[in-house]
Structure formats: C-alpha cells, structure tokens
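Take a look at the structure below.
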Amino acid sequence: MSEQKEKILFVLTSHDKLGDTGKDTGYHLSEVTHPWKELYSAGYEMDFVSPKGGEAPVTAFDLSDDINKDFWENPVYNEKVKNTKKPSEVNPSDYQAIFFAGGHGTVWDFPENKELQKLAVSIYENGGIVSSICHGAAALVNIKLSDGSYLVDGKDVNSFTDDEEREQGLEDVVPFLVESKLRERGANFQKAANGEAKVVVDGRLITGQNPASATPLGQALKRELKEVEVA
C-alpha cells in the first residue's frame with residue numbers, strides 16, 4: 001500500500017426538490033457527518049462526488065449537533081461538499097470504499113445514474129466496499145456486477161424502510177419505496193423498528209437504515225476497511 005491516506009468516496013445527491021410538494025430536499029447532513037467523523041478520526045480521507053458535481057443541496061441542517069458543526073466548520077470538507085466532483089472526474093482505483101449518503105433527493109437521481117453504478121462496480125470488483133445509509137440505498141437497486149447479477153441479489157441489506165416512509169407520509173411522493181425495490185432485486189432485507197439504529201454487514205456490502213444508524217455505520221465501515229485489501 002502507498003503511504004498516502006486511504007480514501008473513501010462519499011456520494012451526495014444533486015436533487016433538491018421533494019417531488020411535487022414544493023419542499024426542498026438534498027443529502028441528509030448527519031448521514032454524511034457521523035460516518036465522516038468515525039473515518040476522519042481513524043485517518044481516512046474522504047472525497048465527494050454528486051451526479052451533477054458542484055454544490056450539493058443539504059437538508060436536516062442542524063449545527064446544534066456537534067459532529068455536524070465540526071464537519072461544517074472544517075474548511076477542507078466544507079469546500080469539498082460545496083465543490084463536489086462529477087462522476088467523470090473520479091478514478092475508482094483511488095478508493096477503498098464508496099458510500100452513498102442518504103436524503104430523499106437520492107431516490108430521484110441515484111438509481112438511473114450509470115456513471116455512479118460503474119464507479120461502485122469498479123470499486124467492489126477491485127476488492128473494495130460498497131456502502132449506503134437510509135435513502136442512499138436507492139443507488140444500489142440497479143447496480144449489476146460484471147456477471148449481470150444485481151449487487152444486492154442474495155445479500156443481507158437494509159435501508160430506510162417502507163414503514164418509515166409511510167410514517168412520514170411520503171410513500172406517494174417518492175418515485176418508489178427503497179425497501180420494496182431492494183426486495184424485488186433479490187435482497188434479504190433486514191430491519192429494525194421505525195427510527196431505531198440498524199446496520200447490516202454482508203461481506204463488502206454495508207448498509208444502514210436511517211439517521212440513527214449513521215455513527216454505527218461509520219464504525220462498521222471502519223472495521224471492515226481494515227479487513228479488505230484493494231487490488
């Protein structure tokens with residue numbers, strides 16, 4: 001391995017409207033910052049990419065959360081989220097893992113993005129980790145490996161659940177329900193009660209359910225990164 005810091009690619013949504021509700025959305029801040037804190041403290045470096053590049057829209061912006069505040073006031077990382085890379089600017093061989101952050105915006109712009117899918121497949125098939133939290137798992141529903149199989153087929157996964165979506169009254173706003181779509185793709189879906197933390201690790205696929213899962217997901221990612229050897 002080189003002496004440079006190992007790197008993880010964080011993927012943020014570029015989509016800023018919650019369907020036809022007139023409400024804003026984007027990436028969920030704590031679902032970025034809490035995993036970031038675990039990884040940053042362990043010496044990893046994170047880069048940020050979004051479907052459109054540039055400044056990614058943010059939701060759940062709460063600087064009373066100390067970890068959110070630490071991230072937002074870190075000049076390096078504040079600059080990175082305000083100037084995300086485009087997928088075409090990313091070399092997947094630079095990264096040990098890819099992490100799809102949550103926020104409702106992801107359900108609109110992650111699933112059909114072929115460039116993001118290629119990045120994830122390249123990292124995974126190079127021995128790296130694919131991970132997501134909450135609605136970020138929308139990125140996983142259409143990822144196919146080189147053999148044509150869905151990445152999630154036969155694997156234990158989770159995401160924001162259908163029950164959690166219904167509890168928020170957004171089941172008819174989002175274009176699809178993430179849990180249902182993952183099940184359609186052959187995933188073995190595992191979940192906790194609404195709002196409770198749940199992280200599922202199946203080899204080099206790591207998924208978290210909701211904002212409460214953000215810190216334990218970062219911890220799981222940190223543990224598993226020590227086990228992988230990227231080619």
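In the structure tokens, chains take the letters A, B, ... in the order shown, each chain's residues start at 1, and ligands count up from 1 in the order shown.
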
Surrounding residues of range 151-165 of chain A excluding itself and chain neighbours under 6 positions, 8 Å, only C-alpha atoms, as an MDAnalysis selection string: chainID A and resid 132:137 140:141 143:145 171 177:180 182 185:191 194:195 198:202 205:210

Closest contacts (range 69-146 of chain A/range 28-32 of chain A, max 7 Å, only C-alpha atoms) as JSON lines:
{"residue": "A:Ala101", "atom": "CA", "partner": "A:Val32", "partner_atom": "CA", "distance": 5.9}
{"residue": "A:Gly102", "atom": "CA", "partner": "A:His28", "partner_atom": "CA", "distance": 5.7}
{"residue": "A:Gly103", "atom": "CA", "partner": "A:His28", "partner_atom": "CA", "distance": 4.5}

Backbone-only DSSP, strand (DSSP E) members of range 53-143 of chain A, as JSON, numbers by chain: {"A": [58, 59, 97, 98, 99, 100, 129, 130, 131, 132, 133]}

Which of range 16-174 of chain A DSSP labels helix (DSSP H, G or I), written as number ranges by chain: A: 29-41, 66-72, 75-82, 87-89, 92-94, 106-109, 114-125, 134-140, 162-167

Residue nearest Asp65 in chain A - candidates A:Lys5, A:Lys226, A:His34, A:Lys17, atoms counted: only C-alpha atoms: A:His34

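Closest approach to Thr13 in chain A from the set A:Asn142, A:Asn74, A:Thr106, A:Asn126 is made by A:Thr106, with distances taken over only C-alpha atoms.
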
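Proximity to Ala192 in chain A was assessed for A:Pro87, A:Ala56, A:Ala212, A:Gly128 counting only C-alpha atoms; the smallest distance is recorded for A:Ala212.
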
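From CA of Pro51 in chain A back to CA of Ala197 in chain A, the distance works out to 27.8 Å.
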